[in-house]
file start_29.txt (compact mmCIF, C-alpha atoms)
# COMPACT_ATOMS: atom_id res chain seq x y z
CA MET A 19 -35.20 54.96 47.95
CA SER A 20 -34.48 53.02 51.13
CA VAL A 21 -37.21 50.86 52.55
CA GLY A 22 -37.00 51.38 56.28
CA THR A 23 -40.07 51.77 58.46
CA SER A 24 -40.85 54.54 60.89
CA SER A 25 -40.62 53.84 64.58
CA ALA A 26 -44.40 54.14 64.85
CA GLN A 27 -44.75 51.26 62.42
CA GLY A 28 -41.85 49.16 63.65
CA ASP A 29 -43.80 47.50 66.45
CA ARG A 30 -46.74 46.49 64.30
CA ASP A 31 -44.80 45.68 61.12
CA ALA A 32 -42.35 42.84 61.67
CA ARG A 33 -42.15 42.07 57.96
CA CYS A 34 -39.23 44.44 57.41
CA VAL A 35 -36.04 44.77 59.40
CA PRO A 36 -35.64 48.54 60.00
CA ALA A 37 -32.95 50.07 57.80
CA PRO A 38 -30.47 52.57 59.27
CA ARG A 39 -32.12 55.45 57.41
CA HIS A 40 -35.75 56.23 56.88
CA GLY A 41 -36.88 56.69 53.26
CA ASP A 42 -39.58 58.79 51.72
CA LEU A 43 -42.32 56.20 52.28
CA ALA A 44 -41.60 56.02 55.98
CA GLU A 45 -41.62 59.80 56.27
CA LEU A 46 -45.08 59.79 54.64
CA GLY A 47 -46.30 57.22 57.11
CA ILE A 48 -46.64 54.49 54.46
CA GLY A 49 -45.43 51.03 55.39
CA PRO A 50 -44.36 48.25 53.00
CA ASP A 51 -47.56 46.33 53.72
CA GLU A 52 -49.58 49.20 52.27
CA LEU A 53 -47.94 48.85 48.85
CA PRO A 54 -50.09 47.13 46.20
CA ASP A 55 -47.20 45.06 44.78
CA GLY A 56 -44.99 42.49 46.41
CA LEU A 57 -41.77 44.01 47.83
CA VAL A 58 -38.71 41.96 48.74
CA VAL A 59 -35.46 43.64 49.80
CA ALA A 60 -32.10 41.95 50.42
CA ASP A 61 -29.11 43.59 52.14
CA GLU A 62 -25.50 43.77 50.97
CA HIS A 63 -24.93 40.17 52.09
CA GLY A 64 -27.93 38.83 50.15
CA HIS A 65 -30.16 38.27 53.20
CA VAL A 66 -33.82 39.26 53.05
CA VAL A 67 -34.57 42.28 55.24
CA CYS A 68 -38.04 43.11 53.92
CA PHE A 69 -40.88 40.85 52.78
CA ASN A 70 -44.20 42.65 52.68
CA ALA A 71 -47.74 41.32 52.89
CA ALA A 72 -48.29 41.40 49.10
CA ALA A 73 -45.13 39.34 48.58
CA ALA A 74 -46.39 36.82 51.14
CA ARG A 75 -49.74 36.61 49.33
CA ILE A 76 -48.18 36.17 45.90
CA THR A 77 -45.53 33.63 46.92
CA ALA A 78 -47.45 31.82 49.69
CA VAL A 79 -44.34 32.25 51.88
CA SER A 80 -44.76 33.85 55.28
CA PRO A 81 -42.57 36.83 56.23
CA ALA A 82 -41.26 34.88 59.23
CA GLU A 83 -39.92 32.18 56.87
CA ALA A 84 -38.38 34.67 54.45
CA LEU A 85 -36.74 37.27 56.71
CA GLY A 86 -33.05 36.59 57.31
CA ARG A 87 -32.78 33.90 54.62
CA ARG A 88 -30.67 34.16 51.51
CA LEU A 89 -32.59 35.86 48.71
CA GLU A 90 -32.31 32.88 46.35
CA LYS A 91 -33.68 30.58 49.08
CA ALA A 92 -36.52 32.84 50.21
CA LEU A 93 -37.51 33.63 46.63
CA PRO A 94 -36.54 30.66 44.42
CA LEU A 95 -37.36 31.88 40.92
CA GLU A 96 -36.87 30.14 37.58
CA ASP A 97 -37.26 31.45 34.05
CA LEU A 98 -39.69 29.83 31.61
CA GLU A 99 -36.93 27.44 30.48
CA GLY A 100 -36.34 26.12 34.00
CA ARG A 101 -33.10 28.00 34.71
CA ARG A 102 -32.52 29.47 38.16
CA TRP A 103 -32.92 33.22 37.84
CA TRP A 104 -30.59 34.37 40.60
CA GLN A 105 -27.73 32.33 39.14
CA LEU A 106 -28.37 33.84 35.72
CA THR A 107 -28.58 37.44 36.90
CA ASP A 108 -25.99 37.28 39.72
CA PRO A 109 -26.91 40.68 41.25
CA TYR A 110 -23.98 40.76 43.71
CA GLY A 111 -21.24 39.45 41.45
CA GLY A 112 -22.32 40.60 38.01
CA LEU A 113 -21.41 43.67 36.04
CA ALA A 114 -20.80 46.67 38.29
CA ILE A 115 -22.60 48.98 35.87
CA ARG A 116 -25.84 46.96 35.99
CA ALA A 117 -28.68 48.84 37.70
CA GLY A 118 -31.29 46.08 37.82
CA GLN A 119 -33.46 43.71 35.81
CA PRO A 120 -36.45 44.65 33.62
CA GLU A 121 -39.87 43.14 34.29
CA ARG A 122 -40.30 39.59 33.03
CA ASN A 123 -42.37 36.47 33.60
CA LEU A 124 -40.76 34.04 36.05
CA LEU A 125 -41.93 30.90 37.83
CA LEU A 126 -42.36 30.23 41.54
CA PRO A 127 -42.12 26.70 42.93
CA GLY A 128 -45.18 24.85 41.71
CA GLY A 129 -45.16 26.62 38.36
CA ARG A 130 -47.05 29.76 39.27
CA GLU A 131 -46.15 32.73 37.06
CA VAL A 132 -45.24 36.11 38.52
CA LEU A 133 -44.00 39.35 37.00
CA VAL A 134 -40.64 40.22 38.53
CA SER A 135 -38.43 43.29 38.25
CA ALA A 136 -35.38 44.18 40.32
CA ARG A 137 -33.24 47.20 41.09
CA TYR A 138 -29.73 47.18 42.48
CA ILE A 139 -28.95 49.96 44.94
CA ARG A 140 -25.29 50.99 45.06
CA SER A 141 -23.51 53.59 47.21
CA ARG A 142 -21.76 54.87 44.08
CA PRO A 143 -22.33 54.16 40.36
CA THR A 144 -19.93 51.20 40.07
CA GLY A 145 -19.69 50.31 43.74
CA PRO A 146 -20.87 47.10 45.43
CA VAL A 147 -24.57 46.37 45.73
CA ARG A 148 -26.01 47.58 49.04
CA ARG A 149 -29.61 46.53 48.44
CA VAL A 150 -31.47 44.38 45.94
CA VAL A 151 -35.07 45.59 45.67
CA VAL A 152 -37.45 43.11 44.00
CA CYS A 153 -40.97 43.93 42.86
CA LEU A 154 -43.49 41.09 42.42
CA ARG A 155 -46.78 41.31 40.58
CA ASP A 156 -49.48 38.71 40.19
CA THR A 157 -50.15 37.80 36.55
CA GLU A 158 -53.81 36.84 37.05
CA ALA A 159 -55.18 40.17 35.79
CA ARG A 160 -52.91 40.03 32.74
CA ARG A 161 -53.97 36.43 32.05
CA ARG A 162 -57.62 37.46 32.23
CA THR A 163 -56.94 40.19 29.68
CA GLU A 164 -55.10 37.75 27.43
CA ARG A 165 -57.95 35.24 27.72
CA SER A 166 -60.43 37.98 26.86
CA HIS A 167 -58.41 38.89 23.78
CA ALA A 168 -58.16 35.22 22.80
CA GLU A 169 -61.93 34.81 23.20
CA LEU A 170 -62.49 37.92 21.10
CA ILE A 171 -60.28 36.57 18.32
CA ALA A 172 -61.98 33.16 18.43
CA THR A 173 -65.45 34.74 18.37
CA VAL A 174 -64.56 37.03 15.50
CA ALA A 175 -63.03 34.19 13.52
CA HIS A 176 -66.16 32.10 14.03
CA GLU A 177 -68.53 34.94 13.17
CA LEU A 178 -66.56 35.90 10.05
CA ARG A 179 -66.14 32.37 8.76
CA SER A 180 -69.84 31.68 8.26
CA PRO A 181 -70.78 34.72 6.11
CA LEU A 182 -67.51 34.65 4.19
CA THR A 183 -68.01 30.96 3.37
CA SER A 184 -71.49 31.80 2.10
CA VAL A 185 -70.23 34.74 0.02
CA LYS A 186 -67.41 32.66 -1.47
CA GLY A 187 -69.72 29.73 -2.22
CA PHE A 188 -72.45 31.74 -3.94
CA THR A 189 -70.07 33.91 -5.97
CA ALA A 190 -68.06 30.89 -7.13
CA THR A 191 -71.26 29.09 -8.11
CA LEU A 192 -72.60 32.09 -10.02
CA LEU A 193 -69.33 32.62 -11.86
CA ALA A 194 -69.06 28.96 -12.85
CA LYS A 195 -72.69 28.31 -13.78
CA TRP A 196 -74.27 31.71 -14.47
CA GLU A 197 -76.27 30.53 -17.50
CA ARG A 198 -77.83 27.59 -15.66
CA PHE A 199 -79.74 29.72 -13.14
CA THR A 200 -82.97 31.60 -13.58
CA ASP A 201 -83.18 35.30 -12.77
CA ASP A 202 -85.07 34.52 -9.56
CA GLN A 203 -82.35 32.08 -8.44
CA LYS A 204 -79.62 34.60 -9.22
CA ARG A 205 -81.48 37.29 -7.29
CA LEU A 206 -81.89 35.00 -4.26
CA MET A 207 -78.17 34.16 -4.21
CA LEU A 208 -77.13 37.79 -4.66
CA GLU A 209 -79.48 38.90 -1.88
CA THR A 210 -77.88 36.30 0.40
CA VAL A 211 -74.40 37.55 -0.53
CA ASP A 212 -75.53 41.14 0.15
CA ALA A 213 -76.94 40.21 3.58
CA ASP A 214 -73.78 38.32 4.53
CA ALA A 215 -71.61 41.23 3.41
CA ASP A 216 -73.69 43.50 5.67
CA ARG A 217 -73.12 41.06 8.54
CA VAL A 218 -69.34 41.19 8.03
CA THR A 219 -69.46 44.99 7.87
CA ARG A 220 -71.40 45.16 11.16
CA LEU A 221 -68.94 42.84 12.88
CA ILE A 222 -65.96 44.90 11.74
CA ALA A 223 -67.71 48.05 12.96
CA GLU A 224 -68.26 46.40 16.36
CA LEU A 225 -64.59 45.49 16.58
CA LEU A 226 -63.56 49.04 15.79
CA ASP A 227 -65.95 50.35 18.45
CA ILE A 228 -64.54 47.95 21.04
CA SER A 229 -61.00 49.00 20.18
CA ARG A 230 -61.87 52.69 20.54
CA ILE A 231 -63.79 52.16 23.78
CA ASP A 232 -60.99 50.10 25.37
CA SER A 233 -58.34 52.62 24.36
CA GLY A 234 -60.42 55.68 25.30
CA ARG A 235 -60.42 56.95 21.71
CA LEU A 236 -64.15 56.85 20.98
CA GLU A 237 -64.86 60.32 19.57
CA LEU A 238 -68.19 62.14 19.83
CA ARG A 239 -69.66 64.67 17.44
CA ARG A 240 -72.26 66.34 19.61
CA GLN A 241 -75.30 67.80 17.86
CA PRO A 242 -78.90 68.48 18.88
CA VAL A 243 -80.69 65.13 19.07
CA ASP A 244 -84.46 64.66 19.01
CA ILE A 245 -84.50 61.43 20.97
CA GLY A 246 -88.24 60.92 20.48
CA ALA A 247 -87.94 61.20 16.70
CA ALA A 248 -84.96 58.83 16.74
CA VAL A 249 -86.96 56.18 18.60
CA GLY A 250 -89.89 56.75 16.23
CA ARG A 251 -87.68 56.01 13.21
CA HIS A 252 -86.60 52.69 14.70
CA ILE A 253 -90.20 51.71 15.40
CA GLN A 254 -91.25 52.62 11.84
CA ALA A 255 -88.43 50.47 10.45
CA TYR A 256 -89.62 47.44 12.44
CA VAL A 257 -93.23 47.98 11.36
CA ALA A 258 -92.11 48.26 7.72
CA ALA A 259 -90.22 44.97 8.17
CA GLY A 260 -93.41 43.21 9.29
CA GLN A 261 -93.70 43.74 13.03
CA PRO A 262 -97.24 44.69 14.15
CA ALA A 263 -97.53 48.38 14.98
CA ASP A 264 -99.34 47.65 18.25
CA ARG A 265 -96.30 45.77 19.55
CA PHE A 266 -94.58 49.10 20.25
CA LEU A 267 -95.58 51.72 22.80
CA LEU A 268 -93.70 55.04 22.83
CA ARG A 269 -94.33 57.39 25.75
CA ILE A 270 -92.64 60.81 25.94
CA GLU A 271 -92.89 63.06 28.97
CA GLN A 272 -92.68 66.69 27.96
CA PRO A 273 -90.90 69.02 28.16
CA LEU A 274 -87.60 67.29 27.47
CA PRO A 275 -84.35 69.19 27.95
CA ALA A 276 -82.31 69.96 24.83
CA LEU A 277 -79.99 67.00 24.28
CA TRP A 278 -76.56 67.44 22.69
CA ALA A 279 -75.13 64.05 21.75
CA ASP A 280 -73.63 62.11 18.87
CA PRO A 281 -76.71 61.16 16.81
CA ASP A 282 -75.06 58.16 15.14
CA LYS A 283 -73.89 56.74 18.47
CA ILE A 284 -77.30 57.28 20.09
CA ASP A 285 -78.93 55.53 17.11
CA GLN A 286 -76.55 52.63 17.74
CA VAL A 287 -77.63 52.44 21.39
CA LEU A 288 -81.34 52.60 20.53
CA SER A 289 -80.97 50.06 17.73
CA ASN A 290 -79.30 47.55 20.02
CA LEU A 291 -81.71 47.92 22.94
CA ILE A 292 -84.86 47.83 20.80
CA GLU A 293 -83.56 44.92 18.74
CA ASN A 294 -82.86 42.96 21.93
CA ALA A 295 -86.38 43.63 23.18
CA VAL A 296 -87.92 42.55 19.86
CA ARG A 297 -85.73 39.51 19.32
CA HIS A 298 -85.37 38.15 22.84
CA GLY A 299 -88.47 39.57 24.57
CA GLU A 300 -92.17 39.05 24.16
CA GLY A 301 -95.35 41.12 24.23
CA THR A 302 -95.32 44.90 24.00
CA VAL A 303 -92.02 46.72 23.70
CA THR A 304 -92.37 49.94 25.70
CA ILE A 305 -90.03 52.90 25.30
CA ASP A 306 -90.34 55.67 27.91
CA ILE A 307 -88.49 58.97 27.45
CA THR A 308 -88.48 61.25 30.48
CA PRO A 309 -86.59 64.30 31.77
CA THR A 310 -84.41 63.53 34.80
CA ALA A 311 -82.68 65.77 37.29
CA THR A 312 -79.19 64.68 38.36
CA ALA A 313 -76.98 66.13 41.05
CA ALA A 314 -74.92 68.04 38.48
CA ASN A 315 -77.32 68.71 35.62
CA THR A 316 -80.59 67.94 33.91
CA ALA A 317 -80.66 64.80 31.82
CA THR A 318 -82.82 62.64 29.58
CA SER A 319 -83.65 59.05 30.48
CA VAL A 320 -84.73 56.36 28.03
CA THR A 321 -86.21 53.08 29.26
CA VAL A 322 -86.73 50.09 26.95
CA SER A 323 -88.73 47.22 28.41
CA ASP A 324 -90.58 44.12 27.21
CA GLU A 325 -92.91 41.49 28.63
CA GLY A 326 -90.81 38.40 28.05
CA PRO A 327 -89.13 36.09 30.56
CA GLY A 328 -86.55 38.75 31.45
CA ILE A 329 -82.95 38.24 32.51
CA PRO A 330 -82.14 35.82 35.37
CA GLU A 331 -80.96 37.54 38.53
CA GLU A 332 -77.67 35.66 38.46
CA SER A 333 -76.91 37.08 35.00
CA MET A 334 -77.68 40.73 35.77
CA ASN A 335 -74.09 41.60 36.65
CA ARG A 336 -72.77 40.07 33.41
CA VAL A 337 -75.13 41.71 30.93
CA PHE A 338 -72.71 44.46 29.89
CA THR A 339 -69.63 42.24 29.66
CA ARG A 340 -68.15 40.96 26.43
CA PHE A 341 -69.70 37.86 24.86
CA TRP A 342 -72.77 37.79 27.10
CA ARG A 343 -75.78 36.41 25.24
CA GLY A 344 -79.30 36.47 26.59
CA SER A 345 -80.29 33.46 24.51
CA LYS A 346 -78.97 31.10 21.88
CA ARG A 347 -80.45 33.08 19.01
CA GLY A 348 -77.13 34.18 17.54
CA GLY A 349 -75.21 37.41 17.84
CA THR A 350 -71.67 38.10 18.94
CA GLY A 351 -72.47 39.08 22.51
CA LEU A 352 -70.66 42.40 21.98
CA GLY A 353 -73.62 44.75 21.50
CA LEU A 354 -74.41 45.61 25.12
CA TYR A 355 -70.72 46.02 25.94
CA ILE A 356 -70.54 48.64 23.17
CA VAL A 357 -73.81 50.26 24.30
CA LYS A 358 -72.42 50.71 27.82
CA GLY A 359 -69.21 52.18 26.43
CA ILE A 360 -71.10 54.69 24.25
CA VAL A 361 -73.38 55.80 27.08
CA GLU A 362 -70.44 56.25 29.48
CA VAL A 363 -68.42 58.23 26.91
CA HIS A 364 -71.40 60.62 26.80
CA GLY A 365 -71.11 60.95 30.58
CA GLY A 366 -74.26 58.91 31.16
CA THR A 367 -75.19 55.70 32.95
CA ILE A 368 -77.02 52.54 31.96
CA THR A 369 -78.69 49.92 34.16
CA VAL A 370 -80.60 46.69 33.68
CA GLY A 371 -83.44 45.34 35.77
CA ARG A 372 -86.83 43.65 35.67
CA ALA A 373 -89.73 45.48 34.06
CA ALA A 374 -93.13 45.85 35.65
CA GLY A 375 -94.48 43.41 33.06
CA GLY A 376 -91.89 40.81 34.01
CA GLY A 377 -89.48 41.28 31.12
CA ALA A 378 -86.10 42.93 30.83
CA GLU A 379 -85.76 46.67 31.39
CA PHE A 380 -82.80 48.72 30.19
CA ARG A 381 -82.56 52.34 31.27
CA PHE A 382 -79.91 54.78 30.14
CA THR A 383 -79.56 58.40 31.20
CA LEU A 384 -77.72 61.05 29.17
CA PRO A 385 -76.72 64.45 30.55
CA VAL A 386 -77.72 67.43 28.46
CA GLY A 387 -74.11 67.92 27.35
CA ALA A 388 -72.79 70.62 25.04
CA PRO A 389 -72.06 70.95 21.33
CA ALA A 390 -68.71 69.69 20.04
CA TYR A 391 -67.24 73.18 19.62
CA LEU A 392 -67.94 73.93 23.30
CA ALA A 393 -67.12 70.52 24.77
call {"tool": "encode", "arguments": {"input": "start_29.txt", "output": "structure tokens"}}
result
Amino acid sequence: MSVGTSSAQGDRDARCVPAPRHGDLAELGIGPDELPDGLVVADEHGHVVCFNAAAARITAVSPAEALGRRLEKALPLEDLEGRRWWQLTDPYGGLAIRAGQPERNLLLPGGREVLVSARYIRSRPTGPVRRVVVCLRDTEARRRTERSHAELIATVAHELRSPLTSVKGFTATLLAKWERFTDDQKRLMLETVDADADRVTRLIAELLDISRIDSGRLELRRQPVDIGAAVGRHIQAYVAAGQPADRFLLRIEQPLPALWADPDKIDQVLSNLIENAVRHGEGTVTIDITPTATAANTATSVTVSDEGPGIPEESMNRVFTRFWRGSKRGGTGLGLYIVKGIVEVHGGTITVGRAAGGGAEFRFTLPVGAPAYLA
């Protein structure tokens, strides 16, 4: 593909010297500056004939400085060991069968990393190089992903270490000194081990959910779901655990449309949202279930709100990101990220705002959907 510009673009786009022939991009009316990646092209003599806007942004070199210069001068790249890349690769004098260079991390002056790949354009398979086409990509997005993965690993290691240390300590103590403890002491230690084992199991389940959400492999088993009954079961569990019954208010607007969803995944969403309201909120926890009409279909909306201090406005846009915590009361900060992923896999939406009572308000809407064998 040659990288010439159309005559209509030539006047406004001085970043590329027009090539003798127009390529496919020019015929489509697309100029080099409209490409998302940095594009640098050198001619058969090694002089830069194209340096688009993305390349200028990534390298902090203006097109006026780059055009007409030798490629190695306009784009001085080094590998991670400090060796000059153009001397290593020698595009014009290297092997005649070489077609280019695969993508790799290289360094610009000042130490900034960029992803660089190159293609050598020849008039015939083993002929001289007519063009060297270089693609530049900023590594910032990749570094953010790598930092996110590193944070995930660090968080998981921290969260796993505490319960596993407890499990190891109690089991070792019981094995070494079983006869010295009373039955009540043994029960207390075994109950602690059981609770910590549950905590590890939950964390592993969260990690699996995150992996499936990020890779688009979260599977749904759609069945009829009685959303009101599901919320009622969660409320009963909290009351049985010691929460006052009058702390919860469930309001259902009838008639609700038939909801086909994955009951286990919906339970996971409800559990997380209600637990957040109980643990981090105050006053009455109100759950409203209402039918909702969307542009494409009928849907069911569930709103969970409390009367606590709520979520600061500056944190609203970070609530559904990884590791966000509403308070310092523990947790991995992964729950709401998973909740959002589950709701969106169902084709629904979830929002956060301020409740009428001043607390936090989470609202998710699920389309009616269809059973698994029809989906």
call {"tool": "residues_around", "arguments": {"input": "start_29.txt", "residues": "segment 313-325 of chain A", "least_positions_apart": "5", "cutoff": "10 Å", "atoms": "all atoms listed in the file", "output": "number ranges by chain"}}
result
A: 245-246, 249, 265-270, 274-277, 288, 291-292, 294-296, 298-308, 366-387
call {"tool": "residues_around", "arguments": {"input": "start_29.txt", "residues": "Pro81 of chain A", "least_positions_apart": "5", "cutoff": "10 Å", "atoms": "all atoms listed in the file", "output": "PyMOL selection string"}}
result
chain A and resi 32-34+58+66-71+73-75+86+92
call {"tool": "residues_around", "arguments": {"input": "start_29.txt", "residues": "Leu178 of chain A", "least_positions_apart": "5", "cutoff": "10 Å", "atoms": "all atoms listed in the file", "output": "PyMOL selection string"}}
result
chain A and resi 172-173+183+214-215+217-219+221-222
call {"tool": "write_last_selection", "arguments": {"input": "start_29.txt", "atoms": "C-alpha atoms", "output": "mmCIF file, in the coordinates of the input"}}
result
data_model
loop_
_atom_site.group_PDB
_atom_site.id
_atom_site.type_symbol
_atom_site.label_atom_id
_atom_site.label_comp_id
_atom_site.auth_asym_id
_atom_site.auth_seq_id
_atom_site.Cartn_x
_atom_site.Cartn_y
_atom_site.Cartn_z
ATOM 1 C CA ALA A 172 -61.980 33.160 18.430
ATOM 2 C CA THR A 173 -65.450 34.740 18.370
ATOM 3 C CA THR A 183 -68.010 30.960 3.370
ATOM 4 C CA ASP A 214 -73.780 38.320 4.530
ATOM 5 C CA ALA A 215 -71.610 41.230 3.410
ATOM 6 C CA ARG A 217 -73.120 41.060 8.540
ATOM 7 C CA VAL A 218 -69.340 41.190 8.030
ATOM 8 C CA THR A 219 -69.460 44.990 7.870
ATOM 9 C CA LEU A 221 -68.940 42.840 12.880
ATOM 10 C CA ILE A 222 -65.960 44.900 11.740
#
call {"tool": "atom_distance", "arguments": {"input": "start_29.txt", "atom1": "atom CA of Asp232 of chain A", "atom2": "atom CA of Arg220 of chain A"}}
result
18.3 Å
call {"tool": "atom_distance", "arguments": {"input": "start_29.txt", "atom1": "atom CA of Pro146 of chain A", "atom2": "atom CA of Asp51 of chain A"}}
result
28.0 Å
call {"tool": "atom_distance", "arguments": {"input": "start_29.txt", "atom1": "atom CA of Phe188 of chain A", "atom2": "atom CA of Asp216 of chain A"}}
result
15.2 Å
call {"tool": "closest_residue", "arguments": {"input": "start_29.txt", "among": "A:Glu224, A:Asp280, A:Asp55, A:Glu209", "to": "Glu177 of chain A", "atoms": "only C-alpha atoms"}}
result
A:Glu224
call {"tool": "closest_residue", "arguments": {"input": "start_29.txt", "among": "A:Gly64, A:Gly100, A:Gly351, A:Gly250", "to": "Tyr138 of chain A", "atoms": "all atoms listed in the file"}}
result
A:Gly64
call {"tool": "decode", "arguments": {"input": "start_29.txt", "residues": "segment 38-106 of chain A", "atoms": "C-alpha atoms", "output": "mmCIF file, in the first residue's frame"}}
result
data_model
loop_
_atom_site.group_PDB
_atom_site.id
_atom_site.type_symbol
_atom_site.label_atom_id
_atom_site.label_comp_id
_atom_site.auth_asym_id
_atom_site.auth_seq_id
_atom_site.Cartn_x
_atom_site.Cartn_y
_atom_site.Cartn_z
ATOM 1 C CA PRO A 38 3.845 9.228 -7.506
ATOM 2 C CA ARG A 39 0.864 6.881 -7.149
ATOM 3 C CA HIS A 40 -2.211 7.174 -5.027
ATOM 4 C CA GLY A 41 -2.955 4.243 -2.689
ATOM 5 C CA ASP A 42 -6.177 2.829 -1.391
ATOM 6 C CA LEU A 43 -6.397 5.259 1.541
ATOM 7 C CA ALA A 44 -6.150 8.259 -0.749
ATOM 8 C CA GLU A 45 -8.806 6.853 -3.045
ATOM 9 C CA LEU A 46 -11.102 6.517 -0.014
ATOM 10 C CA GLY A 47 -10.457 10.105 0.955
ATOM 11 C CA ILE A 48 -8.538 9.150 4.115
ATOM 12 C CA GLY A 49 -5.374 11.092 4.856
ATOM 13 C CA PRO A 50 -2.432 9.959 7.016
ATOM 14 C CA ASP A 51 -3.466 12.374 9.767
ATOM 15 C CA GLU A 52 -6.746 10.495 10.149
ATOM 16 C CA LEU A 53 -4.977 7.253 11.095
ATOM 17 C CA PRO A 54 -5.041 6.411 14.822
ATOM 18 C CA ASP A 55 -1.394 5.244 14.915
ATOM 19 C CA GLY A 56 1.790 7.088 14.143
ATOM 20 C CA LEU A 57 2.889 6.666 10.503
ATOM 21 C CA VAL A 58 6.402 7.413 9.273
ATOM 22 C CA VAL A 59 7.449 6.603 5.697
ATOM 23 C CA ALA A 60 10.954 6.861 4.226
ATOM 24 C CA ASP A 61 11.772 6.703 0.500
ATOM 25 C CA GLU A 62 14.353 4.551 -1.286
ATOM 26 C CA HIS A 63 17.131 6.906 -0.152
ATOM 27 C CA GLY A 64 16.120 6.752 3.519
ATOM 28 C CA HIS A 65 14.596 10.246 3.669
ATOM 29 C CA VAL A 66 11.309 10.784 5.486
ATOM 30 C CA VAL A 67 8.456 11.542 3.083
ATOM 31 C CA CYS A 68 5.539 11.094 5.490
ATOM 32 C CA PHE A 69 5.197 11.980 9.177
ATOM 33 C CA ASN A 70 1.591 12.098 10.292
ATOM 34 C CA ALA A 71 -0.041 13.918 13.194
ATOM 35 C CA ALA A 72 -0.099 10.837 15.459
ATOM 36 C CA ALA A 73 3.643 10.346 14.915
ATOM 37 C CA ALA A 74 4.216 13.997 15.828
ATOM 38 C CA ARG A 75 2.157 13.569 19.010
ATOM 39 C CA ILE A 76 3.936 10.378 20.056
ATOM 40 C CA THR A 77 7.479 11.565 19.314
ATOM 41 C CA ALA A 78 7.069 15.279 20.120
ATOM 42 C CA VAL A 79 8.770 16.018 16.773
ATOM 43 C CA SER A 80 7.002 18.325 14.347
ATOM 44 C CA PRO A 81 6.401 17.169 10.758
ATOM 45 C CA ALA A 82 8.376 20.167 9.494
ATOM 46 C CA GLU A 83 11.447 18.954 11.421
ATOM 47 C CA ALA A 84 11.081 15.347 10.277
ATOM 48 C CA LEU A 85 10.222 15.634 6.568
ATOM 49 C CA GLY A 86 13.260 15.333 4.319
ATOM 50 C CA ARG A 87 15.602 14.151 7.090
ATOM 51 C CA ARG A 88 17.250 10.765 7.227
ATOM 52 C CA LEU A 89 15.000 8.224 8.924
ATOM 53 C CA GLU A 90 17.508 7.445 11.686
ATOM 54 C CA LYS A 91 17.831 11.181 12.445
ATOM 55 C CA ALA A 92 14.116 12.000 12.356
ATOM 56 C CA LEU A 93 13.241 8.912 14.388
ATOM 57 C CA PRO A 94 16.221 8.055 16.633
ATOM 58 C CA LEU A 95 15.156 4.796 18.270
ATOM 59 C CA GLU A 96 17.060 2.582 20.694
ATOM 60 C CA ASP A 97 16.247 -0.866 22.035
ATOM 61 C CA LEU A 98 15.892 -1.503 25.767
ATOM 62 C CA GLU A 99 19.632 -2.234 25.987
ATOM 63 C CA GLY A 100 20.598 1.149 24.537
ATOM 64 C CA ARG A 101 21.538 -0.049 21.039
ATOM 65 C CA ARG A 102 20.573 2.063 18.030
ATOM 66 C CA TRP A 103 17.725 0.269 16.298
ATOM 67 C CA TRP A 104 18.311 1.402 12.730
ATOM 68 C CA GLN A 105 21.917 0.206 12.850
ATOM 69 C CA LEU A 106 20.764 -3.163 14.168
#
